[in-house]
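Structure file target-v7.tsv; described as TSV, C-alpha atoms.
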chain	number	residue	atom	x	y	z
W	1	MET	CA	-85.28	-116.53	-52.65
W	2	SER	CA	-81.61	-117.08	-53.42
W	3	ASP	CA	-80.16	-114.20	-51.44
W	4	PRO	CA	-78.91	-115.43	-48.01
W	5	ARG	CA	-79.49	-111.97	-46.54
W	6	LEU	CA	-83.23	-112.29	-46.99
W	7	LEU	CA	-83.26	-115.24	-44.61
W	8	VAL	CA	-81.87	-113.28	-41.68
W	9	ILE	CA	-83.80	-110.04	-42.14
W	10	PRO	CA	-86.93	-111.40	-40.38
W	11	LYS	CA	-84.71	-112.56	-37.49
W	12	ARG	CA	-83.19	-109.11	-37.12
W	13	LEU	CA	-86.70	-107.68	-36.82
W	14	ALA	CA	-88.09	-110.50	-34.67
W	15	GLY	CA	-88.23	-108.28	-31.57
W	16	VAL	CA	-90.01	-105.46	-33.38
W	17	LYS	CA	-93.77	-105.50	-32.83
W	18	LYS	CA	-94.91	-103.05	-35.50
W	19	ILE	CA	-93.21	-101.44	-38.49
W	20	TYR	CA	-94.62	-98.19	-39.81
W	21	PRO	CA	-93.23	-97.06	-43.18
W	22	ILE	CA	-94.16	-93.46	-43.90
W	23	MET	CA	-94.99	-93.31	-47.59
W	24	SER	CA	-96.14	-90.84	-50.21
W	25	SER	CA	-96.08	-91.01	-53.97
W	26	LYS	CA	-95.23	-87.32	-54.11
W	27	GLY	CA	-92.19	-85.54	-52.74
W	28	GLY	CA	-92.25	-82.50	-50.50
W	29	VAL	CA	-95.24	-83.54	-48.39
W	30	GLY	CA	-93.28	-83.69	-45.15
W	31	LYS	CA	-92.61	-87.41	-44.74
W	32	THR	CA	-89.24	-86.86	-43.11
W	33	ILE	CA	-90.47	-84.49	-40.40
W	34	ILE	CA	-93.53	-86.65	-39.75
W	35	SER	CA	-91.51	-89.89	-39.57
W	36	THR	CA	-89.06	-88.33	-37.16
W	37	LEU	CA	-91.73	-86.75	-34.98
W	38	LEU	CA	-93.78	-89.96	-34.94
W	39	ALA	CA	-90.72	-91.74	-33.59
W	40	LEU	CA	-89.96	-89.02	-31.04
W	41	THR	CA	-93.55	-88.72	-29.80
W	42	SER	CA	-93.88	-92.51	-29.60
W	43	SER	CA	-90.74	-92.59	-27.48
W	44	SER	CA	-92.08	-89.75	-25.31
W	45	LEU	CA	-95.02	-92.04	-24.45
W	46	GLY	CA	-92.60	-94.59	-23.06
W	47	CYS	CA	-92.66	-96.92	-26.06
W	48	LYS	CA	-89.48	-98.58	-27.25
W	49	THR	CA	-89.05	-96.90	-30.60
W	50	GLY	CA	-86.79	-97.07	-33.62
W	51	LEU	CA	-86.34	-94.84	-36.65
W	52	LEU	CA	-84.82	-96.05	-39.92
W	53	ASP	CA	-84.05	-93.62	-42.73
W	54	LEU	CA	-84.58	-95.58	-45.92
W	55	ASP	CA	-83.99	-92.66	-48.22
W	56	PHE	CA	-80.51	-93.80	-49.27
W	57	THR	CA	-79.84	-91.20	-51.92
W	58	ASN	CA	-81.25	-88.27	-49.99
W	59	PRO	CA	-81.30	-89.07	-46.28
W	60	SER	CA	-82.56	-86.19	-44.10
W	61	THR	CA	-83.89	-87.48	-40.77
W	62	HIS	CA	-80.51	-86.76	-39.19
W	63	ILE	CA	-81.05	-83.07	-39.97
W	64	VAL	CA	-84.41	-83.06	-38.15
W	65	LEU	CA	-82.80	-84.87	-35.21
W	66	GLY	CA	-79.79	-82.55	-35.18
W	67	VAL	CA	-77.36	-85.44	-35.71
W	68	ASN	CA	-74.01	-84.74	-37.36
W	69	PRO	CA	-73.25	-87.75	-39.63
W	70	TRP	CA	-69.52	-87.16	-39.27
W	71	GLU	CA	-69.85	-87.77	-35.53
W	72	GLN	CA	-72.04	-90.89	-35.76
W	73	GLU	CA	-70.33	-93.95	-34.35
W	74	ILE	CA	-70.69	-97.46	-35.69
W	75	ILE	CA	-71.50	-99.79	-32.79
W	76	GLU	CA	-70.82	-103.45	-33.55
W	77	GLU	CA	-72.16	-106.52	-31.86
W	78	LYS	CA	-72.86	-109.49	-34.09
W	79	GLY	CA	-73.84	-106.90	-36.68
W	80	ILE	CA	-74.46	-103.26	-35.94
W	81	ILE	CA	-76.49	-101.70	-33.15
W	82	PRO	CA	-78.49	-98.57	-33.97
W	83	GLN	CA	-77.33	-95.49	-32.14
W	84	LEU	CA	-79.54	-94.13	-29.34
W	85	VAL	CA	-80.61	-90.59	-30.30
W	86	HIS	CA	-83.09	-88.63	-28.14
W	87	GLY	CA	-84.29	-91.93	-26.71
W	88	ILE	CA	-84.88	-93.66	-30.05
W	89	LYS	CA	-82.82	-96.32	-31.79
W	90	TYR	CA	-81.74	-94.56	-34.93
W	91	LEU	CA	-80.18	-95.75	-38.15
W	92	SER	CA	-79.47	-93.89	-41.36
W	93	ILE	CA	-77.12	-94.76	-44.19
W	94	THR	CA	-75.38	-91.46	-43.37
W	95	ILE	CA	-73.49	-93.38	-40.69
W	96	PHE	CA	-71.59	-94.88	-43.66
W	97	THR	CA	-71.96	-92.28	-46.40
W	98	ARG	CA	-71.70	-89.19	-44.12
W	99	GLU	CA	-72.79	-86.11	-46.08
W	100	ASN	CA	-71.45	-87.31	-49.43
W	101	PRO	CA	-73.73	-87.56	-52.47
W	102	THR	CA	-74.64	-91.20	-53.02
W	103	PRO	CA	-76.40	-91.78	-56.32
W	104	MET	CA	-77.64	-95.33	-56.70
W	105	ARG	CA	-79.47	-97.30	-59.33
W	106	GLY	CA	-82.10	-99.89	-58.49
W	107	GLU	CA	-79.78	-102.84	-58.02
W	108	ALA	CA	-77.53	-100.89	-55.68
W	109	VAL	CA	-80.56	-99.70	-53.68
W	110	VAL	CA	-81.74	-103.30	-53.32
W	111	ASN	CA	-78.27	-104.40	-52.18
W	112	ALA	CA	-77.96	-101.54	-49.70
W	113	PHE	CA	-81.44	-102.32	-48.31
W	114	ARG	CA	-80.71	-106.02	-47.83
W	115	GLU	CA	-77.24	-105.48	-46.41
W	116	LEU	CA	-78.39	-102.87	-43.90
W	117	LEU	CA	-81.42	-104.86	-42.76
W	118	ALA	CA	-79.40	-108.09	-42.56
W	119	ILE	CA	-76.73	-106.66	-40.27
W	120	THR	CA	-78.77	-104.35	-38.02
W	121	GLN	CA	-79.74	-105.72	-34.61
W	122	TRP	CA	-82.83	-103.72	-33.60
W	123	GLY	CA	-83.52	-105.72	-30.45
W	124	GLU	CA	-86.88	-105.24	-28.72
W	125	LEU	CA	-89.02	-102.43	-30.12
W	126	ASP	CA	-92.69	-101.58	-29.86
W	127	SER	CA	-92.55	-99.58	-33.07
W	128	LEU	CA	-90.09	-99.00	-35.88
W	129	PHE	CA	-90.86	-95.96	-38.02
W	130	ILE	CA	-89.31	-95.85	-41.50
W	131	ASP	CA	-88.84	-92.69	-43.52
W	132	THR	CA	-89.03	-93.62	-47.20
W	133	PRO	CA	-88.17	-91.68	-50.35
W	134	PRO	CA	-91.03	-90.34	-52.47
W	135	GLY	CA	-92.63	-92.63	-55.01
W	136	ILE	CA	-93.12	-96.36	-55.14
W	137	SER	CA	-89.76	-97.74	-56.10
W	138	ASP	CA	-87.10	-100.23	-55.06
W	139	GLU	CA	-86.98	-99.32	-51.37
W	140	HIS	CA	-90.76	-99.57	-51.02
W	141	LEU	CA	-91.05	-102.80	-52.97
W	142	GLU	CA	-88.30	-104.39	-50.89
W	143	LEU	CA	-90.10	-103.31	-47.72
W	144	LEU	CA	-93.48	-104.54	-48.85
W	145	THR	CA	-92.18	-107.83	-50.16
W	146	TYR	CA	-89.82	-108.81	-47.38
W	147	LEU	CA	-91.22	-107.13	-44.25
W	148	GLY	CA	-94.89	-107.38	-45.21
W	149	ASP	CA	-96.32	-109.12	-42.14
W	150	LYS	CA	-95.49	-106.48	-39.58
W	151	LEU	CA	-96.05	-103.46	-41.79
W	152	GLU	CA	-98.71	-100.85	-41.28
W	153	VAL	CA	-98.21	-98.14	-43.87
W	154	VAL	CA	-98.78	-94.51	-42.95
W	155	ILE	CA	-99.67	-92.49	-46.05
W	156	VAL	CA	-98.85	-88.79	-46.00
W	157	ALA	CA	-100.45	-86.23	-48.31
W	158	THR	CA	-101.05	-82.50	-48.51
W	159	PRO	CA	-104.51	-81.19	-49.38
W	160	SER	CA	-103.44	-80.34	-52.92
W	161	PRO	CA	-105.53	-81.52	-55.88
W	162	LEU	CA	-102.29	-83.07	-57.14
W	163	ALA	CA	-102.14	-85.26	-54.06
W	164	ILE	CA	-105.45	-87.01	-54.49
W	165	LYS	CA	-104.55	-89.10	-57.51
W	166	SER	CA	-101.20	-90.06	-56.03
W	167	VAL	CA	-102.81	-91.16	-52.75
W	168	GLU	CA	-105.31	-93.22	-54.73
W	169	ARG	CA	-102.53	-94.90	-56.71
W	170	LEU	CA	-100.51	-95.74	-53.61
W	171	ALA	CA	-103.57	-96.99	-51.74
W	172	GLU	CA	-104.57	-99.14	-54.71
W	173	ILE	CA	-101.18	-100.86	-54.76
W	174	LEU	CA	-101.31	-101.47	-51.03
W	175	LEU	CA	-104.92	-102.61	-50.93
W	176	GLU	CA	-104.66	-104.97	-53.88
W	177	GLY	CA	-101.57	-106.52	-52.29
W	178	ASN	CA	-103.44	-106.90	-48.99
W	179	TYR	CA	-100.91	-104.77	-47.15
W	180	LYS	CA	-102.14	-103.12	-44.00
W	181	ILE	CA	-102.62	-99.35	-44.15
W	182	ALA	CA	-102.46	-97.66	-40.74
W	183	GLY	CA	-104.11	-94.57	-42.22
W	184	LEU	CA	-103.74	-91.24	-43.92
W	185	VAL	CA	-102.02	-88.19	-42.41
W	186	GLU	CA	-102.92	-84.85	-43.94
W	187	ASN	CA	-99.95	-82.51	-43.66
W	188	MET	CA	-99.58	-78.72	-44.02
W	189	SER	CA	-103.29	-78.31	-43.57
W	190	ASP	CA	-105.09	-76.18	-40.99
W	191	LYS	CA	-108.40	-77.98	-41.51
W	192	PRO	CA	-109.15	-81.59	-42.38
W	193	LYS	CA	-109.82	-81.72	-46.12
W	194	LEU	CA	-108.88	-85.28	-47.03
W	195	GLN	CA	-111.29	-87.12	-44.75
W	196	LYS	CA	-113.63	-87.86	-47.64
W	197	LEU	CA	-110.74	-89.23	-49.69
W	198	ALA	CA	-109.76	-91.55	-46.85
W	199	GLU	CA	-113.36	-92.60	-46.46
W	200	ASN	CA	-113.68	-93.37	-50.18
W	201	LEU	CA	-110.51	-95.46	-50.02
W	202	ARG	CA	-111.76	-97.14	-46.84
W	203	ILE	CA	-108.66	-96.21	-44.90
W	204	ASP	CA	-108.46	-94.51	-41.51
W	205	TYR	CA	-107.98	-90.76	-41.41
W	206	LEU	CA	-105.33	-90.23	-38.76
W	207	GLY	CA	-105.49	-86.43	-38.58
W	208	ASN	CA	-104.30	-83.17	-40.04
W	209	ILE	CA	-101.10	-81.34	-39.19
W	210	PRO	CA	-101.07	-77.56	-39.58
W	211	TYR	CA	-98.59	-75.65	-41.68
W	212	VAL	CA	-96.10	-73.89	-39.41
W	213	LYS	CA	-94.45	-70.98	-41.12
W	214	ASP	CA	-91.21	-70.92	-39.16
W	215	ILE	CA	-90.72	-74.70	-38.99
W	216	ASP	CA	-87.38	-74.48	-40.81
W	217	GLU	CA	-85.94	-72.50	-37.90
W	218	LYS	CA	-86.76	-75.33	-35.52
W	219	ILE	CA	-85.40	-78.21	-37.57
W	220	GLY	CA	-82.55	-79.88	-35.73
W	221	ASN	CA	-83.65	-78.68	-32.31
W	222	ILE	CA	-85.96	-81.16	-30.60
W	223	GLU	CA	-86.82	-78.81	-27.73
W	224	LEU	CA	-88.05	-76.16	-30.17
W	225	LEU	CA	-89.94	-78.74	-32.24
W	226	ARG	CA	-91.63	-79.98	-29.08
W	227	LYS	CA	-93.18	-76.52	-28.58
W	228	THR	CA	-94.78	-76.34	-32.03
W	229	PRO	CA	-98.43	-77.22	-32.78
W	230	ILE	CA	-97.04	-79.91	-35.08
W	231	TRP	CA	-95.74	-81.86	-32.10
W	232	GLU	CA	-99.18	-81.83	-30.43
W	233	LYS	CA	-100.89	-83.02	-33.59
W	234	VAL	CA	-98.32	-85.76	-34.22
W	235	LEU	CA	-98.73	-86.85	-30.60
W	236	GLU	CA	-102.48	-87.22	-31.21
W	237	ILE	CA	-101.76	-89.21	-34.37
W	238	VAL	CA	-99.24	-91.48	-32.68
W	239	ASN	CA	-101.73	-92.16	-29.90
W	240	ARG	CA	-104.26	-93.21	-32.52
W	241	LEU	CA	-101.67	-95.34	-34.30
W	242	LEU	CA	-100.65	-97.09	-31.13
W	243	GLY	CA	-104.24	-97.67	-30.14
W	244	ASN	CA	-104.28	-95.21	-27.23
W	245	LYS	CA	-107.02	-92.99	-28.61
S	1	MET	CA	-55.09	-122.34	-30.40
S	2	PHE	CA	-57.05	-119.75	-32.31
S	3	LEU	CA	-59.48	-117.92	-30.04
S	4	ILE	CA	-61.85	-115.08	-30.72
S	5	GLY	CA	-63.80	-113.36	-27.95
S	6	VAL	CA	-67.47	-112.46	-28.36
S	7	ASP	CA	-66.56	-108.76	-28.43
S	8	GLU	CA	-64.72	-109.38	-31.66
S	9	MET	CA	-67.69	-111.16	-33.19
S	10	VAL	CA	-68.48	-108.20	-35.28
S	11	HIS	CA	-70.28	-107.74	-38.52
S	12	GLU	CA	-68.94	-111.03	-39.90
S	13	TRP	CA	-71.18	-112.87	-37.42
S	14	ALA	CA	-74.29	-111.43	-39.05
S	15	LEU	CA	-73.03	-112.53	-42.47
S	16	ALA	CA	-72.11	-116.00	-41.18
S	17	GLU	CA	-75.62	-116.41	-39.82
S	18	SER	CA	-77.15	-115.62	-43.20
S	19	ILE	CA	-74.87	-118.21	-44.85
S	20	ALA	CA	-75.78	-120.82	-42.22
S	21	ASP	CA	-79.49	-120.12	-42.75
S	22	TYR	CA	-79.04	-120.40	-46.49
S	23	ILE	CA	-77.30	-123.80	-46.17
S	24	GLU	CA	-80.07	-124.99	-43.86
S	25	ARG	CA	-82.76	-124.00	-46.30
S	26	GLU	CA	-80.99	-125.61	-49.26
S	27	LEU	CA	-80.53	-128.85	-47.33
S	28	SER	CA	-84.13	-128.85	-46.21
S	29	LYS	CA	-85.31	-128.38	-49.82
S	30	LYS	CA	-83.25	-131.39	-50.88
S	31	GLY	CA	-84.08	-133.49	-47.82
S	32	LYS	CA	-80.38	-133.80	-46.88
S	33	LYS	CA	-78.48	-133.36	-43.63
S	34	ASN	CA	-74.92	-132.81	-44.81
S	35	ILE	CA	-72.99	-130.88	-47.35
S	36	ALA	CA	-69.61	-132.10	-48.54
S	37	LYS	CA	-68.30	-128.71	-49.62
S	38	ILE	CA	-69.33	-125.09	-49.84
S	39	VAL	CA	-67.48	-122.47	-51.84
S	40	ILE	CA	-67.98	-118.92	-50.57
S	41	LYS	CA	-66.89	-115.99	-52.72
S	42	LEU	CA	-65.54	-112.99	-50.84
S	43	GLY	CA	-65.55	-109.84	-52.89
S	44	ILE	CA	-62.65	-107.87	-51.47
S	45	LEU	CA	-64.58	-104.58	-51.66
S	46	GLN	CA	-66.23	-105.58	-48.38
S	47	SER	CA	-62.90	-106.33	-46.63
S	48	ILE	CA	-64.33	-109.34	-44.82
S	49	ASP	CA	-62.09	-110.79	-42.12
S	50	LYS	CA	-61.89	-114.35	-43.39
S	51	GLU	CA	-60.73	-115.83	-40.08
S	52	ILE	CA	-63.56	-114.28	-38.11
S	53	LEU	CA	-66.14	-115.23	-40.74
S	54	ASP	CA	-64.85	-118.80	-40.77
S	55	PHE	CA	-64.85	-119.03	-36.98
S	56	ALA	CA	-68.37	-117.57	-36.71
S	57	LEU	CA	-69.71	-119.82	-39.45
S	58	LYS	CA	-68.27	-122.94	-37.86
S	59	GLU	CA	-69.62	-121.93	-34.44
S	60	ILE	CA	-73.10	-121.34	-35.83
S	61	ILE	CA	-73.06	-124.59	-37.80
S	62	LYS	CA	-72.22	-126.50	-34.58
S	63	SER	CA	-75.59	-125.41	-33.19
S	64	ARG	CA	-77.49	-126.53	-36.27
S	65	ASP	CA	-78.90	-129.85	-37.24
S	66	TYR	CA	-76.60	-130.38	-40.21
S	67	ARG	CA	-72.93	-130.87	-40.92
S	68	VAL	CA	-70.58	-129.22	-43.39
S	69	GLY	CA	-67.45	-130.95	-44.67
S	70	GLU	CA	-65.17	-128.45	-46.34
S	71	ILE	CA	-65.56	-124.67	-46.41
S	72	VAL	CA	-63.61	-122.96	-49.17
S	73	TYR	CA	-63.20	-119.21	-49.50
S	74	GLU	CA	-62.35	-117.55	-52.81
S	75	ASP	CA	-61.29	-113.92	-52.95
S	76	GLU	CA	-62.67	-111.91	-55.84
S	77	GLU	CA	-60.98	-108.71	-56.93
S	78	VAL	CA	-62.99	-105.53	-57.36
S	79	ILE	CA	-63.77	-104.26	-60.84
S	80	LEU	CA	-65.77	-101.08	-61.30
S	81	LYS	CA	-67.08	-99.88	-64.65
S	82	CYS	CA	-68.31	-96.41	-65.52
S	83	ARG	CA	-71.72	-96.43	-67.17
S	84	ARG	CA	-71.11	-93.08	-68.82
S	85	CYS	CA	-67.75	-93.54	-70.51
S	86	GLY	CA	-67.21	-97.29	-70.17
S	87	TYR	CA	-63.92	-96.99	-68.28
S	88	GLU	CA	-63.09	-100.00	-66.14
S	89	TRP	CA	-60.89	-99.79	-63.09
S	90	ARG	CA	-59.80	-101.75	-60.04
S	91	ILE	CA	-59.55	-100.65	-56.44
S	92	ASN	CA	-57.71	-102.18	-53.56
S	93	PRO	CA	-59.67	-101.60	-50.32
S	94	SER	CA	-56.60	-102.32	-48.18
S	95	GLN	CA	-55.09	-99.08	-49.48
S	96	LEU	CA	-58.11	-96.95	-48.58
S	97	ASP	CA	-58.47	-94.59	-45.65
S	98	GLU	CA	-59.63	-96.64	-42.65
S	99	ALA	CA	-62.94	-94.78	-42.17
S	100	ILE	CA	-63.87	-95.26	-45.83
S	101	ARG	CA	-62.87	-98.91	-45.77
S	102	GLU	CA	-64.99	-99.44	-42.66
S	103	ALA	CA	-68.04	-97.76	-44.23
S	104	ILE	CA	-67.75	-99.90	-47.35
S	105	HIS	CA	-67.16	-102.97	-45.18
S	106	PHE	CA	-70.63	-102.61	-43.66
S	107	VAL	CA	-72.54	-101.53	-46.74
S	108	PRO	CA	-70.52	-101.89	-49.96
S	109	GLU	CA	-72.86	-99.45	-51.73
S	110	ALA	CA	-71.19	-96.72	-49.67
S	111	VAL	CA	-68.61	-96.97	-52.48
S	112	TYR	CA	-70.83	-94.55	-54.44
S	113	SER	CA	-70.17	-91.92	-51.77
S	114	TYR	CA	-66.41	-92.11	-52.03
S	115	PHE	CA	-65.58	-93.00	-55.63
S	116	LYS	CA	-66.01	-91.41	-59.04
S	117	CYS	CA	-64.92	-92.57	-62.46
S	118	PRO	CA	-61.21	-91.66	-62.68
S	119	ARG	CA	-61.67	-90.77	-66.36
S	120	CYS	CA	-64.90	-88.76	-66.58
S	121	GLY	CA	-65.84	-88.04	-62.95
S	122	SER	CA	-69.22	-89.77	-63.09
S	123	ARG	CA	-70.56	-91.56	-60.02
S	124	ASP	CA	-72.78	-93.68	-62.25
S	125	PHE	CA	-70.65	-96.79	-62.25
S	126	GLU	CA	-71.35	-100.43	-61.64
S	127	ILE	CA	-69.62	-102.94	-59.39
S	128	VAL	CA	-68.86	-105.54	-62.04
S	129	ARG	CA	-67.42	-107.97	-59.52
S	130	GLY	CA	-65.94	-108.22	-56.06
S	131	ARG	CA	-68.82	-106.63	-54.12
S	132	GLY	CA	-69.23	-108.87	-51.09
S	133	VAL	CA	-70.14	-112.28	-49.80
S	134	SER	CA	-71.89	-114.76	-52.06
S	135	ILE	CA	-72.24	-118.49	-52.26
S	136	LYS	CA	-70.62	-119.88	-55.38
S	137	GLU	CA	-71.24	-123.57	-54.96
S	138	ILE	CA	-72.71	-126.12	-52.59
S	139	ILE	CA	-71.87	-129.81	-53.04
S	140	LEU	CA	-74.32	-131.97	-51.15
S	141	GLY	CA	-73.08	-134.85	-49.05
S	142	ASP	CA	-74.59	-138.25	-48.54
S	143	ASN	CA	-77.62	-138.14	-46.29
S	144	ASN	CA	-76.22	-140.90	-44.12
S	145	GLU	CA	-72.74	-139.49	-43.68
Whole structure given in structure tokens:
Amino acid sequence: MSDPRLLVIPKRLAGVKKIYPIMSSKGGVGKTIISTLLALTSSSLGCKTGLLDLDFTNPSTHIVLGVNPWEQEIIEEKGIIPQLVHGIKYLSITIFTRENPTPMRGEAVVNAFRELLAITQWGELDSLFIDTPPGISDEHLELLTYLGDKLEVVIVATPSPLAIKSVERLAEILLEGNYKIAGLVENMSDKPKLQKLAENLRIDYLGNIPYVKDIDEKIGNIELLRKTPIWEKVLEIVNRLLGNK
Amino acid sequence: MFLIGVDEMVHEWALAESIADYIERELSKKGKKNIAKIVIKLGILQSIDKEILDFALKEIIKSRDYRVGEIVYEDEEVILKCRRCGYEWRINPSQLDEAIREAIHFVPEAVYSYFKCPRCGSRDFEIVRGRGVSIKEIILGDNNE
């Protein structure tokens, strides 16, 4: 470990009890909405909650939250303090990159990850949810390698035959590395269809979230999102995650 | 007398802490308590305030169980190189718009949001040098100093 930033990252997260990265090998399964709603529902239960958008090249949680990146303010105090948005401590690289395209290769992603984590003062949190980009790449490997102890990975999949192999691959990487898996969330699915898969992989099945046709019309408006069946299902899942079931 | 209030202990404090931790770990590995000299490279892309960084670093070191003799800072100019056409160019952050300079100050990779290759327009460029803070050299002191 020759990078000084890696030494302070654990200190910056010392007050965070649990870190939940939301991961999926495939894109388009709804990680961003689920990450954001997990954070919002956790906060609605009175838990101190944070949300970090780790999708540097395509950040989107701000859209779900209805946050305009051009209006985000950088708050400094021996580093930076995440902004309070709808009761959650929120940080996305958009606070620096705004809405501009930001293509990055692996080395730049690693540097951005370490810099951001080294300067962000999260303070006391019960849970920090992390939206990650699809796949298993630099952001995920950095997370797993340097934040491993507090991590409990939430895997998201849709009930597509294409999803099964990718869930298996991701689970294999996590299990063989002895990383903790909080469980599997089945998204865009009216009935539980991936329970057997979770059982075979010996991971918890956290629940299914129905497909809501007009969800796009509610993105960016928390009050409207709160009235959808998705919110209720995510609330059930967050209760299970936090041990309130 | 040079004074800085806590409110001004901004982002540089976080960087100073990582340097102090790094020194501590290096000394512990070598079983030493003092370093004679440390050379810290400051890539100017990050627009680090040298005075604040120096003040923060010295304050943090005071609270640690080791001593540092001389702290030397070396500025490093920024060189960017396009991966597509090979064009190399320099930028001077002090001439940038304040909001852009501030964004890059916190996370230098924000440079990919605001710059393109001046010759071919590609955003696929590398920061050849001058990115941010790095430790160039540590000269250990005598253990009994």
Could you tell me which of W:Ile237, W:Leu13, W:Val64, W:Val109 comes closest to chain S if we count all atoms listed in the file?
->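 The answer is W:Val109, which sits nearest to chain S.
If only C-alpha atoms are the atoms counted, then among W:Leu6, W:Leu144, W:Ile119, W:Val238 the closest residue to S:Leu15 is W:Ile119.
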How far is it from atom CA of W:Arg169 to atom CA of W:Val16, in Å with one decimal?
->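 So the answer is 28.5 Å.
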Atomic distance atom CA of W:Asp126 - atom CA of W:Leu51, expressed in Å with one decimal =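 Taking atom CA of W:Asp126 as the start and atom CA of W:Leu51 as the end point, the length is 11.5 Å.
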Would you write out, as JSON lines, a table of all residues in chain S that have an atom no more than 7 Å from an atom of chain W, listing for each the closest atom pair and the distance in Å to one decimal, considering all atoms listed in the file and ordering rows by chain and rising residue number?
{"residue": "S:Asp7", "atom": "CA", "partner": "W:Glu77", "partner_atom": "CA", "distance": 6.9}
{"residue": "S:Met9", "atom": "CA", "partner": "W:Lys78", "partner_atom": "CA", "distance": 5.5}
{"residue": "S:Val10", "atom": "CA", "partner": "W:Lys78", "partner_atom": "CA", "distance": 4.7}
{"residue": "S:His11", "atom": "CA", "partner": "W:Gly79", "partner_atom": "CA", "distance": 4.1}
{"residue": "S:Trp13", "atom": "CA", "partner": "W:Lys78", "partner_atom": "CA", "distance": 5.0}
{"residue": "S:Ala14", "atom": "CA", "partner": "W:Gly79", "partner_atom": "CA", "distance": 5.1}
{"residue": "S:Ser18", "atom": "CA", "partner": "W:Pro4", "partner_atom": "CA", "distance": 5.1}
{"residue": "S:Ile19", "atom": "CA", "partner": "W:Pro4", "partner_atom": "CA", "distance": 5.8}
{"residue": "S:Asp21", "atom": "CA", "partner": "W:Leu7", "partner_atom": "CA", "distance": 6.4}
{"residue": "S:Tyr22", "atom": "CA", "partner": "W:Pro4", "partner_atom": "CA", "distance": 5.2}
{"residue": "S:Ala103", "atom": "CA", "partner": "W:Phe96", "partner_atom": "CA", "distance": 4.6}
{"residue": "S:Val107", "atom": "CA", "partner": "W:Glu115", "partner_atom": "CA", "distance": 6.1}
{"residue": "S:Glu109", "atom": "CA", "partner": "W:Ala112", "partner_atom": "CA", "distance": 5.9}
{"residue": "S:Ala110", "atom": "CA", "partner": "W:Thr97", "partner_atom": "CA", "distance": 5.6}
{"residue": "S:Tyr112", "atom": "CA", "partner": "W:Thr102", "partner_atom": "CA", "distance": 5.3}
{"residue": "S:Ser113", "atom": "CA", "partner": "W:Thr102", "partner_atom": "CA", "distance": 4.7}
{"residue": "S:Arg123", "atom": "CA", "partner": "W:Pro103", "partner_atom": "CA", "distance": 6.9}
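Put simply, atom CA of S:Tyr114 is 9.9 Å away from atom CA of S:Arg101.
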Pick from S:Arg83, S:Arg90, S:Arg131, S:Lys41, whichever lies nearest to S:Pro108 using all atoms listed in the file |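 Closest to S:Pro108, using all atoms listed in the file: S:Arg131.
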With distances taken over all atoms listed in the file, which of S:Val39, S:Ile48, S:Val128, S:Val68 is nearest to S:Lys81?
->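 The closest residue to S:Lys81 is S:Val128.
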Which polymer residues have any atom within 6 Å of an atom of stretch 204-212 of chain W, counting only C-alpha atoms, with same-chain residues fewer than 5 positions away left out, as a PyMOL selection string?
-> chain W and resi 183-190+192+195+198+230+233+237
Store the residues of this selection in a file with C-alpha atoms, as a CSV table (one decimal), in the frame of the given file.
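Result file again-v3.csv:
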chain,number,residue,atom,x,y,z
W,183,GLY,CA,-104.1,-94.6,-42.2
W,184,LEU,CA,-103.7,-91.2,-43.9
W,185,VAL,CA,-102.0,-88.2,-42.4
W,186,GLU,CA,-102.9,-84.8,-43.9
W,187,ASN,CA,-100.0,-82.5,-43.7
W,188,MET,CA,-99.6,-78.7,-44.0
W,189,SER,CA,-103.3,-78.3,-43.6
W,190,ASP,CA,-105.1,-76.2,-41.0
W,192,PRO,CA,-109.2,-81.6,-42.4
W,195,GLN,CA,-111.3,-87.1,-44.8
W,198,ALA,CA,-109.8,-91.6,-46.8
W,230,ILE,CA,-97.0,-79.9,-35.1
W,233,LYS,CA,-100.9,-83.0,-33.6
W,237,ILE,CA,-101.8,-89.2,-34.4
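Closest approach to W:Pro21 among W:Ala157, W:Ile81, W:Ile181, W:Ile63 is made by W:Ile181 (distances from only C-alpha atoms).
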S:Cys85 surroundings by all atoms listed in the file, 12 Å radius, close-in-sequence under 4 positions cut, as a ChimeraX atom specification | /S:81,89,116-126
Return the single residue from S:Ala16, S:Ile35, S:Ile91, S:Leu96 that is closest to S:Leu57, with distances computed using all atoms listed in the file.
-> S:Ala16
Within 8 Å of file point (-73.9, -124.9, -53.8), counting all atoms listed in the file, expressed as an MDAnalysis selection string = chainID S and resid 37:39 135:140
Which neighbours of W:Ser42 fall inside 12 Å, counting all atoms listed in the file, when residues of the same chain fewer than 3 positions from it are skipped, and could you give them as number ranges by chain?
-> W: 20, 34-39, 45-51, 86-89, 125-129, 231-232, 234-244
Contact residues around S:Glu59 with only C-alpha atoms at 12 Å, ignoring same-chain residues under 2 positions, as an NGL selection string | :S and (3-4 or 6 or 9 or 13 or 16-17 or 20 or 52-57 or 61-64 or 67-68)
